[in-house]
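A.B. asks: What follows is coords21.pdb; its format and atoms are PDB, C-alpha atoms, pLDDT in the B column.
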```
ATOM      1  CA  MET A   9     -64.996 -66.885 -43.267  1.00 90.00           C
ATOM      2  CA  ALA A  10     -63.044 -66.876 -46.508  1.00 98.00           C
ATOM      3  CA  ARG A  11     -61.702 -64.045 -48.626  1.00 98.00           C
ATOM      4  CA  PHE A  12     -62.740 -63.439 -52.234  1.00 98.00           C
ATOM      5  CA  MET A  13     -61.845 -61.310 -55.249  1.00 98.00           C
ATOM      6  CA  ASP A  14     -64.652 -60.834 -57.742  1.00 98.00           C
ATOM      7  CA  VAL A  15     -64.380 -59.171 -61.112  1.00 98.00           C
ATOM      8  CA  HIS A  16     -66.848 -57.048 -63.086  1.00 98.00           C
ATOM      9  CA  THR A  17     -66.151 -56.412 -66.757  1.00 96.00           C
ATOM     10  CA  ASP A  18     -68.956 -54.134 -67.895  1.00 92.00           C
ATOM     11  CA  MET A  19     -68.418 -50.856 -66.029  1.00 94.00           C
ATOM     12  CA  LYS A  20     -66.729 -48.776 -68.725  1.00 96.00           C
ATOM     13  CA  GLY A  21     -66.934 -45.039 -68.095  1.00 96.00           C
ATOM     14  CA  LEU A  22     -67.515 -45.466 -64.348  1.00 96.00           C
ATOM     15  CA  ASP A  23     -66.535 -42.430 -62.275  1.00 97.00           C
ATOM     16  CA  GLN A  24     -65.688 -42.083 -58.583  1.00 97.00           C
ATOM     17  CA  LYS A  25     -69.244 -41.138 -57.663  1.00 97.00           C
ATOM     18  CA  ALA A  26     -70.721 -44.140 -59.510  1.00 96.00           C
ATOM     19  CA  LEU A  27     -68.162 -46.505 -57.969  1.00 97.00           C
ATOM     20  CA  GLU A  28     -68.972 -45.254 -54.489  1.00 97.00           C
ATOM     21  CA  ALA A  29     -72.716 -45.518 -55.144  1.00 96.00           C
ATOM     22  CA  ALA A  30     -72.376 -49.108 -56.380  1.00 96.00           C
ATOM     23  CA  HIS A  31     -70.159 -50.029 -53.430  1.00 96.00           C
ATOM     24  CA  ARG A  32     -72.570 -48.371 -51.007  1.00 97.00           C
ATOM     25  CA  ALA A  33     -75.412 -50.454 -52.459  1.00 97.00           C
ATOM     26  CA  ASP A  34     -73.384 -53.574 -51.589  1.00 97.00           C
ATOM     27  CA  LEU A  35     -72.520 -52.353 -48.094  1.00 97.00           C
ATOM     28  CA  ASP A  36     -76.154 -51.545 -47.371  1.00 97.00           C
ATOM     29  CA  ILE A  37     -77.241 -55.175 -47.801  1.00 98.00           C
ATOM     30  CA  GLU A  38     -74.074 -57.237 -47.257  1.00 98.00           C
ATOM     31  CA  SER A  39     -74.972 -58.217 -43.681  1.00 98.00           C
ATOM     32  CA  SER A  40     -78.018 -60.123 -44.950  1.00 97.00           C
ATOM     33  CA  GLU A  41     -75.556 -62.574 -46.544  1.00 98.00           C
ATOM     34  CA  HIS A  42     -72.895 -62.378 -43.790  1.00 98.00           C
ATOM     35  CA  VAL A  43     -70.545 -60.752 -46.314  1.00 98.00           C
ATOM     36  CA  LYS A  44     -68.163 -57.835 -45.741  1.00 98.00           C
ATOM     37  CA  PHE A  45     -66.847 -55.906 -48.740  1.00 98.00           C
ATOM     38  CA  LEU A  46     -63.363 -54.617 -47.973  1.00 97.00           C
ATOM     39  CA  HIS A  47     -62.181 -52.662 -51.010  1.00 97.00           C
ATOM     40  CA  ALA A  48     -62.938 -52.039 -54.687  1.00 97.00           C
ATOM     41  CA  TRP A  49     -60.641 -50.904 -57.503  1.00 98.00           C
ATOM     42  CA  ALA A  50     -61.894 -49.743 -60.899  1.00 98.00           C
ATOM     43  CA  ASP A  51     -60.470 -49.103 -64.356  1.00 98.00           C
ATOM     44  CA  PRO A  52     -63.014 -46.906 -66.172  1.00 98.00           C
ATOM     45  CA  ALA A  53     -61.161 -47.314 -69.482  1.00 97.00           C
ATOM     46  CA  SER A  54     -61.651 -51.090 -69.685  1.00 97.00           C
ATOM     47  CA  GLY A  55     -64.732 -51.345 -67.463  1.00 97.00           C
ATOM     48  CA  LYS A  56     -63.021 -53.741 -65.030  1.00 98.00           C
ATOM     49  CA  VAL A  57     -63.858 -53.559 -61.323  1.00 98.00           C
ATOM     50  CA  PHE A  58     -62.173 -55.757 -58.692  1.00 98.00           C
ATOM     51  CA  CYS A  59     -63.911 -56.238 -55.332  1.00 98.00           C
ATOM     52  CA  LEU A  60     -62.217 -57.774 -52.286  1.00 98.00           C
ATOM     53  CA  SER A  61     -64.589 -59.282 -49.722  1.00 98.00           C
ATOM     54  CA  GLU A  62     -64.964 -61.707 -46.849  1.00 98.00           C
ATOM     55  CA  GLY A  63     -67.869 -64.065 -46.540  1.00 98.00           C
ATOM     56  CA  PRO A  64     -69.082 -67.622 -46.018  1.00 98.00           C
ATOM     57  CA  ASP A  65     -68.809 -68.663 -49.703  1.00 98.00           C
ATOM     58  CA  LYS A  66     -68.705 -67.388 -53.294  1.00 98.00           C
ATOM     59  CA  ASP A  67     -72.466 -67.593 -53.794  1.00 98.00           C
ATOM     60  CA  ALA A  68     -73.151 -65.323 -50.821  1.00 98.00           C
ATOM     61  CA  VAL A  69     -70.862 -62.630 -52.276  1.00 98.00           C
ATOM     62  CA  LEU A  70     -72.440 -62.955 -55.723  1.00 98.00           C
ATOM     63  CA  ARG A  71     -75.937 -62.726 -54.245  1.00 98.00           C
ATOM     64  CA  VAL A  72     -75.067 -59.372 -52.659  1.00 98.00           C
ATOM     65  CA  HIS A  73     -73.862 -57.997 -56.010  1.00 97.00           C
ATOM     66  CA  GLU A  74     -76.954 -59.359 -57.758  1.00 97.00           C
ATOM     67  CA  LYS A  75     -79.358 -57.862 -55.224  1.00 97.00           C
ATOM     68  CA  ALA A  76     -77.495 -54.548 -55.439  1.00 97.00           C
ATOM     69  CA  GLY A  77     -78.045 -54.459 -59.191  1.00 95.00           C
ATOM     70  CA  HIS A  78     -74.547 -55.192 -60.542  1.00 95.00           C
ATOM     71  CA  PRO A  79     -74.290 -58.978 -60.895  1.00 96.00           C
ATOM     72  CA  THR A  80     -71.164 -60.842 -61.958  1.00 97.00           C
ATOM     73  CA  THR A  81     -70.251 -64.513 -62.226  1.00 97.00           C
ATOM     74  CA  GLU A  82     -66.447 -64.182 -61.980  1.00 98.00           C
ATOM     75  CA  ILE A  83     -65.145 -64.749 -58.473  1.00 98.00           C
ATOM     76  CA  TYR A  84     -62.094 -66.380 -56.880  1.00 98.00           C
ATOM     77  CA  GLU A  85     -61.421 -67.538 -53.358  1.00 98.00           C
ATOM     78  CA  VAL A  86     -58.077 -65.874 -52.566  1.00 98.00           C
ATOM     79  CA  GLU A  87     -56.804 -68.257 -49.923  1.00 98.00           C
ATOM     80  CA  LEU A  88     -53.313 -66.743 -49.979  1.00 98.00           C
ATOM     81  CA  GLU A  89     -52.014 -63.187 -49.795  1.00 97.00           C
ATOM     82  CA  THR A  90     -48.844 -61.295 -49.121  1.00 96.00           C
ATOM     83  CA  GLU A  91     -47.516 -57.754 -49.087  1.00 91.00           C
TER      84      GLU A  91
ATOM     85  CA  MET B  13     -47.482 -42.483 -60.271  1.00 90.00           C
ATOM     86  CA  ALA B  14     -50.520 -44.566 -61.104  1.00 98.00           C
ATOM     87  CA  ARG B  15     -51.997 -47.648 -59.481  1.00 98.00           C
ATOM     88  CA  PHE B  16     -52.386 -50.977 -61.268  1.00 98.00           C
ATOM     89  CA  MET B  17     -53.964 -54.401 -60.828  1.00 98.00           C
ATOM     90  CA  ASP B  18     -52.343 -57.167 -62.837  1.00 98.00           C
ATOM     91  CA  VAL B  19     -53.602 -60.701 -63.174  1.00 98.00           C
ATOM     92  CA  HIS B  20     -51.747 -63.994 -63.551  1.00 97.00           C
ATOM     93  CA  THR B  21     -53.710 -67.045 -64.658  1.00 96.00           C
ATOM     94  CA  ASP B  22     -51.186 -69.885 -64.606  1.00 92.00           C
ATOM     95  CA  MET B  23     -50.277 -70.364 -60.942  1.00 94.00           C
ATOM     96  CA  LYS B  24     -52.436 -73.349 -60.061  1.00 96.00           C
ATOM     97  CA  GLY B  25     -51.246 -75.209 -56.971  1.00 96.00           C
ATOM     98  CA  LEU B  26     -49.335 -72.209 -55.606  1.00 96.00           C
ATOM     99  CA  ASP B  27     -48.754 -72.310 -51.841  1.00 97.00           C
ATOM    100  CA  GLN B  28     -47.973 -69.529 -49.365  1.00 97.00           C
ATOM    101  CA  LYS B  29     -44.230 -70.114 -49.591  1.00 97.00           C
ATOM    102  CA  ALA B  30     -44.239 -69.990 -53.409  1.00 96.00           C
ATOM    103  CA  LEU B  31     -46.400 -66.845 -53.409  1.00 97.00           C
ATOM    104  CA  GLU B  32     -44.033 -65.104 -51.013  1.00 97.00           C
ATOM    105  CA  ALA B  33     -40.992 -66.194 -53.043  1.00 96.00           C
ATOM    106  CA  ALA B  34     -42.516 -64.869 -56.272  1.00 96.00           C
ATOM    107  CA  HIS B  35     -43.521 -61.625 -54.600  1.00 96.00           C
ATOM    108  CA  ARG B  36     -40.056 -61.268 -53.056  1.00 97.00           C
ATOM    109  CA  ALA B  37     -38.510 -61.665 -56.522  1.00 97.00           C
ATOM    110  CA  ASP B  38     -40.610 -58.671 -57.651  1.00 97.00           C
ATOM    111  CA  LEU B  39     -39.731 -56.580 -54.594  1.00 97.00           C
ATOM    112  CA  ASP B  40     -36.028 -57.252 -55.058  1.00 97.00           C
ATOM    113  CA  ILE B  41     -35.970 -55.571 -58.483  1.00 98.00           C
ATOM    114  CA  GLU B  42     -39.001 -53.247 -58.516  1.00 98.00           C
ATOM    115  CA  SER B  43     -36.983 -50.113 -57.811  1.00 98.00           C
ATOM    116  CA  SER B  44     -35.139 -50.518 -61.121  1.00 97.00           C
ATOM    117  CA  GLU B  45     -38.470 -49.744 -62.814  1.00 98.00           C
ATOM    118  CA  HIS B  46     -39.718 -47.235 -60.208  1.00 98.00           C
ATOM    119  CA  VAL B  47     -42.501 -49.688 -59.317  1.00 98.00           C
ATOM    120  CA  LYS B  48     -43.815 -50.550 -55.854  1.00 98.00           C
ATOM    121  CA  PHE B  49     -45.796 -53.760 -55.385  1.00 98.00           C
ATOM    122  CA  LEU B  50     -48.355 -53.272 -52.626  1.00 97.00           C
ATOM    123  CA  HIS B  51     -50.218 -56.552 -52.200  1.00 97.00           C
ATOM    124  CA  ALA B  52     -50.885 -59.882 -53.890  1.00 97.00           C
ATOM    125  CA  TRP B  53     -53.826 -62.275 -53.544  1.00 98.00           C
ATOM    126  CA  ALA B  54     -53.835 -65.824 -54.886  1.00 98.00           C
ATOM    127  CA  ASP B  55     -56.354 -68.574 -55.590  1.00 98.00           C
ATOM    128  CA  PRO B  56     -54.362 -71.814 -55.847  1.00 98.00           C
ATOM    129  CA  ALA B  57     -57.415 -73.726 -57.107  1.00 97.00           C
ATOM    130  CA  SER B  58     -57.817 -71.647 -60.286  1.00 97.00           C
ATOM    131  CA  GLY B  59     -54.228 -70.418 -60.580  1.00 97.00           C
ATOM    132  CA  LYS B  60     -55.270 -66.745 -60.490  1.00 98.00           C
ATOM    133  CA  VAL B  61     -53.021 -64.201 -58.791  1.00 98.00           C
ATOM    134  CA  PHE B  62     -53.917 -60.504 -58.464  1.00 98.00           C
ATOM    135  CA  CYS B  63     -51.121 -57.990 -57.805  1.00 98.00           C
ATOM    136  CA  LEU B  64     -51.728 -54.396 -56.758  1.00 98.00           C
ATOM    137  CA  SER B  65     -48.897 -51.989 -57.552  1.00 98.00           C
ATOM    138  CA  GLU B  66     -47.899 -48.389 -58.084  1.00 98.00           C
ATOM    139  CA  GLY B  67     -45.658 -47.285 -60.898  1.00 98.00           C
ATOM    140  CA  PRO B  68     -45.079 -44.950 -63.833  1.00 98.00           C
ATOM    141  CA  ASP B  69     -47.003 -47.060 -66.389  1.00 98.00           C
ATOM    142  CA  LYS B  70     -48.266 -50.571 -67.202  1.00 98.00           C
ATOM    143  CA  ASP B  71     -45.138 -51.569 -69.110  1.00 98.00           C
ATOM    144  CA  ALA B  72     -42.892 -50.844 -66.135  1.00 98.00           C
ATOM    145  CA  VAL B  73     -44.967 -53.141 -63.921  1.00 98.00           C
ATOM    146  CA  LEU B  74     -44.999 -55.887 -66.535  1.00 98.00           C
ATOM    147  CA  ARG B  75     -41.234 -55.608 -67.016  1.00 98.00           C
ATOM    148  CA  VAL B  76     -40.697 -56.278 -63.299  1.00 98.00           C
ATOM    149  CA  HIS B  77     -42.841 -59.426 -63.477  1.00 97.00           C
ATOM    150  CA  GLU B  78     -41.037 -60.547 -66.627  1.00 97.00           C
ATOM    151  CA  LYS B  79     -37.565 -60.024 -65.156  1.00 97.00           C
ATOM    152  CA  ALA B  80     -38.671 -61.837 -61.984  1.00 97.00           C
ATOM    153  CA  GLY B  81     -39.648 -64.863 -64.066  1.00 95.00           C
ATOM    154  CA  HIS B  82     -43.455 -64.737 -63.911  1.00 95.00           C
ATOM    155  CA  PRO B  83     -44.588 -62.636 -66.878  1.00 96.00           C
ATOM    156  CA  THR B  84     -48.196 -61.673 -67.585  1.00 97.00           C
ATOM    157  CA  THR B  85     -49.860 -59.446 -70.167  1.00 97.00           C
ATOM    158  CA  GLU B  86     -53.096 -58.709 -68.265  1.00 98.00           C
ATOM    159  CA  ILE B  87     -52.967 -55.411 -66.405  1.00 98.00           C
ATOM    160  CA  TYR B  88     -55.398 -52.593 -65.618  1.00 98.00           C
ATOM    161  CA  GLU B  89     -54.839 -49.059 -64.439  1.00 98.00           C
ATOM    162  CA  VAL B  90     -57.189 -48.803 -61.444  1.00 98.00           C
ATOM    163  CA  GLU B  91     -57.759 -45.058 -61.400  1.00 98.00           C
ATOM    164  CA  LEU B  92     -60.593 -45.337 -58.897  1.00 98.00           C
ATOM    165  CA  GLU B  93     -60.953 -47.099 -55.575  1.00 97.00           C
ATOM    166  CA  THR B  94     -63.149 -47.129 -52.513  1.00 96.00           C
ATOM    167  CA  GLU B  95     -63.606 -49.027 -49.276  1.00 92.00           C
TER     168      GLU B  95
END
```
Please go through the file and, once you have read it, give me the structure as structure tokens.

C.D. replies:
Amino acid sequence: MARFMDVHTDMKGLDQKALEAAHRADLDIESSEHVKFLHAWADPASGKVFCLSEGPDKDAVLRVHEKAGHPTTEIYEVELETE
Amino acid sequence: MARFMDVHTDMKGLDQKALEAAHRADLDIESSEHVKFLHAWADPASGKVFCLSEGPDKDAVLRVHEKAGHPTTEIYEVELETE
């Protein structure tokens, strides 16, 4: 499994309830693609949302988002991390 | 304090040692700007690095990166998050 960060750019005005609903829609179907969404961060002012996930490949992660109704094409395999 | 995600786009070919060195350079000076870097994720293939931080404002976070020698201008205040 690899780790990914994907980026949405069109969620301006999102609130906590909408973020949780969108994330829940991913969680509800992620197992069908062997994906696990770990965390999401959102900036309602710009409409940017960052989602951290684990999965077999980029396409599997993007398919979950597409099926859940909030598709994006911007995704990166984050092979490295530190804290 | 607010939470931020900043994005670097010019770190292609980064390895784990270089990521940790860059992150360490931020940690060494972050307190001068009342910033706390929490985590960084990197994709060496595209050169993207995502840094999660807490601080008083965007400019304070960007000043730490600039002083540490890896400036960026792309930053978002991530007011919302979920897991």

A.B. asks: Could you make a table, as a tab-separated table, of the residues of chain A that have an atom within 7 Å of an atom of chain B, each with its nearest atom pair and distance in Å to one decimal, counting only C-alpha atoms, in chain and number order?

C.D. replies:
```
residue	atom	partner	partner_atom	distance
A:Gln24	CA	B:Leu92	CA	6.1
A:Glu28	CA	B:Thr94	CA	6.4
A:Leu46	CA	B:Glu95	CA	5.7
A:His47	CA	B:Glu95	CA	4.3
A:Ala48	CA	B:Thr94	CA	5.4
A:Trp49	CA	B:Glu93	CA	4.3
A:Ala50	CA	B:Val90	CA	4.8
A:Asp51	CA	B:Val90	CA	4.4
A:Tyr84	CA	B:Asp55	CA	6.3
A:Glu85	CA	B:Asp55	CA	5.6
A:Val86	CA	B:Asp55	CA	4.4
A:Glu87	CA	B:Asp55	CA	5.7
A:Leu88	CA	B:Ala54	CA	5.0
A:Glu89	CA	B:Trp53	CA	4.3
A:Thr90	CA	B:Ala52	CA	5.4
A:Glu91	CA	B:His51	CA	4.3
```

A.B. asks: Write the selection just made, keeping C-alpha atoms, as a PDB file, keeping the file's coordinate frame?

C.D. replies:
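Okay, this is what ended up in out10.pdb:
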```pdb
ATOM      1  CA  GLN A  24     -65.688 -42.083 -58.583  1.00 97.00           C
ATOM      2  CA  GLU A  28     -68.972 -45.254 -54.489  1.00 97.00           C
ATOM      3  CA  LEU A  46     -63.363 -54.617 -47.973  1.00 97.00           C
ATOM      4  CA  HIS A  47     -62.181 -52.662 -51.010  1.00 97.00           C
ATOM      5  CA  ALA A  48     -62.938 -52.039 -54.687  1.00 97.00           C
ATOM      6  CA  TRP A  49     -60.641 -50.904 -57.503  1.00 98.00           C
ATOM      7  CA  ALA A  50     -61.894 -49.743 -60.899  1.00 98.00           C
ATOM      8  CA  ASP A  51     -60.470 -49.103 -64.356  1.00 98.00           C
ATOM      9  CA  TYR A  84     -62.094 -66.380 -56.880  1.00 98.00           C
ATOM     10  CA  GLU A  85     -61.421 -67.538 -53.358  1.00 98.00           C
ATOM     11  CA  VAL A  86     -58.077 -65.874 -52.566  1.00 98.00           C
ATOM     12  CA  GLU A  87     -56.804 -68.257 -49.923  1.00 98.00           C
ATOM     13  CA  LEU A  88     -53.313 -66.743 -49.979  1.00 98.00           C
ATOM     14  CA  GLU A  89     -52.014 -63.187 -49.795  1.00 97.00           C
ATOM     15  CA  THR A  90     -48.844 -61.295 -49.121  1.00 96.00           C
ATOM     16  CA  GLU A  91     -47.516 -57.754 -49.087  1.00 91.00           C
TER      17      GLU A  91
END
```

A.B. asks: For Val76 of chain B, list every protein, DNA or RNA residue within 6 Å, evaluated using all atoms listed in the file, and leave out those in the same chain fewer than 3 positions away; present the list as a PyMOL selection string.

C.D. replies: chain B and resi 42+73+79

A.B. asks: Translate the PyMOL selection byres ((chain A and resi 43) around 8) into a concrete residue list for this structure, as a list in words.

C.D. replies: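 Those residues are Glu38, Ser39, Ser40, Glu41, His42, Lys44, Phe45, Ser61, Glu62, Gly63, Pro64, Ala68, Val69 and Val72 of chain A.
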
A.B. asks: With all Cα atoms paired residue by residue, do a least-squares superposition of chain A on chain B and hand back the transformed coordinates as a PDB file with C-alpha atoms, in the coordinates of the input.

C.D. replies:
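Once everything was written out, this is result16.pdb:
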```pdb
ATOM      1  CA  MET A   9     -47.491 -42.468 -60.238  1.00 90.00           C
ATOM      2  CA  ALA A  10     -50.526 -44.555 -61.102  1.00 98.00           C
ATOM      3  CA  ARG A  11     -51.999 -47.639 -59.484  1.00 98.00           C
ATOM      4  CA  PHE A  12     -52.385 -50.974 -61.270  1.00 98.00           C
ATOM      5  CA  MET A  13     -53.957 -54.402 -60.822  1.00 98.00           C
ATOM      6  CA  ASP A  14     -52.341 -57.163 -62.845  1.00 98.00           C
ATOM      7  CA  VAL A  15     -53.591 -60.701 -63.181  1.00 98.00           C
ATOM      8  CA  HIS A  16     -51.740 -64.008 -63.548  1.00 98.00           C
ATOM      9  CA  THR A  17     -53.698 -67.061 -64.652  1.00 96.00           C
ATOM     10  CA  ASP A  18     -51.181 -69.892 -64.609  1.00 92.00           C
ATOM     11  CA  MET A  19     -50.258 -70.371 -60.944  1.00 94.00           C
ATOM     12  CA  LYS A  20     -52.424 -73.366 -60.054  1.00 96.00           C
ATOM     13  CA  GLY A  21     -51.236 -75.220 -56.963  1.00 96.00           C
ATOM     14  CA  LEU A  22     -49.310 -72.214 -55.615  1.00 96.00           C
ATOM     15  CA  ASP A  23     -48.749 -72.298 -51.853  1.00 97.00           C
ATOM     16  CA  GLN A  24     -47.967 -69.522 -49.373  1.00 97.00           C
ATOM     17  CA  LYS A  25     -44.228 -70.116 -49.600  1.00 97.00           C
ATOM     18  CA  ALA A  26     -44.247 -69.980 -53.419  1.00 96.00           C
ATOM     19  CA  LEU A  27     -46.401 -66.837 -53.421  1.00 97.00           C
ATOM     20  CA  GLU A  28     -44.038 -65.112 -51.019  1.00 97.00           C
ATOM     21  CA  ALA A  29     -41.002 -66.203 -53.045  1.00 96.00           C
ATOM     22  CA  ALA A  30     -42.522 -64.875 -56.278  1.00 96.00           C
ATOM     23  CA  HIS A  31     -43.517 -61.611 -54.598  1.00 96.00           C
ATOM     24  CA  ARG A  32     -40.061 -61.265 -53.060  1.00 97.00           C
ATOM     25  CA  ALA A  33     -38.516 -61.667 -56.521  1.00 97.00           C
ATOM     26  CA  ASP A  34     -40.613 -58.680 -57.652  1.00 97.00           C
ATOM     27  CA  LEU A  35     -39.749 -56.587 -54.598  1.00 97.00           C
ATOM     28  CA  ASP A  36     -36.046 -57.263 -55.061  1.00 97.00           C
ATOM     29  CA  ILE A  37     -35.976 -55.582 -58.484  1.00 98.00           C
ATOM     30  CA  GLU A  38     -39.010 -53.263 -58.520  1.00 98.00           C
ATOM     31  CA  SER A  39     -36.980 -50.113 -57.807  1.00 98.00           C
ATOM     32  CA  SER A  40     -35.144 -50.525 -61.120  1.00 97.00           C
ATOM     33  CA  GLU A  41     -38.476 -49.742 -62.821  1.00 98.00           C
ATOM     34  CA  HIS A  42     -39.721 -47.224 -60.211  1.00 98.00           C
ATOM     35  CA  VAL A  43     -42.501 -49.676 -59.317  1.00 98.00           C
ATOM     36  CA  LYS A  44     -43.816 -50.549 -55.850  1.00 98.00           C
ATOM     37  CA  PHE A  45     -45.799 -53.757 -55.379  1.00 98.00           C
ATOM     38  CA  LEU A  46     -48.351 -53.261 -52.617  1.00 97.00           C
ATOM     39  CA  HIS A  47     -50.224 -56.542 -52.199  1.00 97.00           C
ATOM     40  CA  ALA A  48     -50.885 -59.884 -53.895  1.00 97.00           C
ATOM     41  CA  TRP A  49     -53.833 -62.267 -53.546  1.00 98.00           C
ATOM     42  CA  ALA A  50     -53.829 -65.825 -54.886  1.00 98.00           C
ATOM     43  CA  ASP A  51     -56.351 -68.570 -55.589  1.00 98.00           C
ATOM     44  CA  PRO A  52     -54.355 -71.817 -55.849  1.00 98.00           C
ATOM     45  CA  ALA A  53     -57.413 -73.720 -57.106  1.00 97.00           C
ATOM     46  CA  SER A  54     -57.817 -71.656 -60.286  1.00 97.00           C
ATOM     47  CA  GLY A  55     -54.227 -70.424 -60.578  1.00 97.00           C
ATOM     48  CA  LYS A  56     -55.272 -66.752 -60.488  1.00 98.00           C
ATOM     49  CA  VAL A  57     -53.010 -64.202 -58.797  1.00 98.00           C
ATOM     50  CA  PHE A  58     -53.914 -60.505 -58.465  1.00 98.00           C
ATOM     51  CA  CYS A  59     -51.118 -57.995 -57.816  1.00 98.00           C
ATOM     52  CA  LEU A  60     -51.731 -54.386 -56.764  1.00 98.00           C
ATOM     53  CA  SER A  61     -48.892 -51.980 -57.556  1.00 98.00           C
ATOM     54  CA  GLU A  62     -47.901 -48.374 -58.095  1.00 98.00           C
ATOM     55  CA  GLY A  63     -45.654 -47.276 -60.895  1.00 98.00           C
ATOM     56  CA  PRO A  64     -45.078 -44.939 -63.828  1.00 98.00           C
ATOM     57  CA  ASP A  65     -47.000 -47.058 -66.388  1.00 98.00           C
ATOM     58  CA  LYS A  66     -48.265 -50.561 -67.200  1.00 98.00           C
ATOM     59  CA  ASP A  67     -45.140 -51.574 -69.109  1.00 98.00           C
ATOM     60  CA  ALA A  68     -42.886 -50.835 -66.137  1.00 98.00           C
ATOM     61  CA  VAL A  69     -44.970 -53.138 -63.909  1.00 98.00           C
ATOM     62  CA  LEU A  70     -44.996 -55.888 -66.539  1.00 98.00           C
ATOM     63  CA  ARG A  71     -41.232 -55.604 -67.006  1.00 98.00           C
ATOM     64  CA  VAL A  72     -40.703 -56.277 -63.292  1.00 98.00           C
ATOM     65  CA  HIS A  73     -42.838 -59.436 -63.467  1.00 97.00           C
ATOM     66  CA  GLU A  74     -41.042 -60.557 -66.628  1.00 97.00           C
ATOM     67  CA  LYS A  75     -37.579 -60.026 -65.154  1.00 97.00           C
ATOM     68  CA  ALA A  76     -38.664 -61.849 -61.991  1.00 97.00           C
ATOM     69  CA  GLY A  77     -39.648 -64.878 -64.051  1.00 95.00           C
ATOM     70  CA  HIS A  78     -43.464 -64.755 -63.904  1.00 95.00           C
ATOM     71  CA  PRO A  79     -44.598 -62.649 -66.871  1.00 96.00           C
ATOM     72  CA  THR A  80     -48.194 -61.688 -67.589  1.00 97.00           C
ATOM     73  CA  THR A  81     -49.858 -59.455 -70.164  1.00 97.00           C
ATOM     74  CA  GLU A  82     -53.098 -58.705 -68.271  1.00 98.00           C
ATOM     75  CA  ILE A  83     -52.981 -55.417 -66.401  1.00 98.00           C
ATOM     76  CA  TYR A  84     -55.406 -52.586 -65.621  1.00 98.00           C
ATOM     77  CA  GLU A  85     -54.839 -49.051 -64.445  1.00 98.00           C
ATOM     78  CA  VAL A  86     -57.181 -48.795 -61.440  1.00 98.00           C
ATOM     79  CA  GLU A  87     -57.748 -45.058 -61.408  1.00 98.00           C
ATOM     80  CA  LEU A  88     -60.589 -45.327 -58.890  1.00 98.00           C
ATOM     81  CA  GLU A  89     -60.961 -47.108 -55.565  1.00 97.00           C
ATOM     82  CA  THR A  90     -63.148 -47.116 -52.515  1.00 96.00           C
ATOM     83  CA  GLU A  91     -63.609 -48.996 -49.266  1.00 91.00           C
TER      84      GLU A  91
END
```

A.B. asks: For the PyMOL selection byres ((chain B and resi 74) around 10), applied here, can you spell out every residue it catches as a compact mmCIF listing (two decimals) with C-alpha atoms, in the coordinates of the input?

C.D. replies:
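Everything below was put into selection.txt:
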```
# COMPACT_ATOMS: atom_id res chain seq x y z
CA ASP B 18 -52.34 -57.17 -62.84
CA GLU B 45 -38.47 -49.74 -62.81
CA VAL B 47 -42.50 -49.69 -59.32
CA ASP B 69 -47.00 -47.06 -66.39
CA LYS B 70 -48.27 -50.57 -67.20
CA ASP B 71 -45.14 -51.57 -69.11
CA ALA B 72 -42.89 -50.84 -66.14
CA VAL B 73 -44.97 -53.14 -63.92
CA ARG B 75 -41.23 -55.61 -67.02
CA VAL B 76 -40.70 -56.28 -63.30
CA HIS B 77 -42.84 -59.43 -63.48
CA GLU B 78 -41.04 -60.55 -66.63
CA LYS B 79 -37.56 -60.02 -65.16
CA ALA B 80 -38.67 -61.84 -61.98
CA HIS B 82 -43.46 -64.74 -63.91
CA PRO B 83 -44.59 -62.64 -66.88
CA THR B 84 -48.20 -61.67 -67.58
CA THR B 85 -49.86 -59.45 -70.17
CA GLU B 86 -53.10 -58.71 -68.26
CA ILE B 87 -52.97 -55.41 -66.40
```

A.B. asks: What does the structure give for the distance between atom CA of His20 of chain B and atom CA of His16 of chain A, in Å to one decimal?

C.D. replies: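 Rounded to one decimal, the two atoms are 16.6 Å apart.
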
A.B. asks: As an exercise, work out the distance from atom CA of Met9 of chain A to atom CA of Ala33 of chain A in Å and give it to one decimal place.

C.D. replies: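 Between atom CA of Met9 of chain A and atom CA of Ala33 of chain A the gap is 21.5 Å.
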
A.B. asks: Between atom CA of Gly77 of chain A and atom CA of Val15 of chain A, what is the spacing in Å?

C.D. replies: 14.6 Å
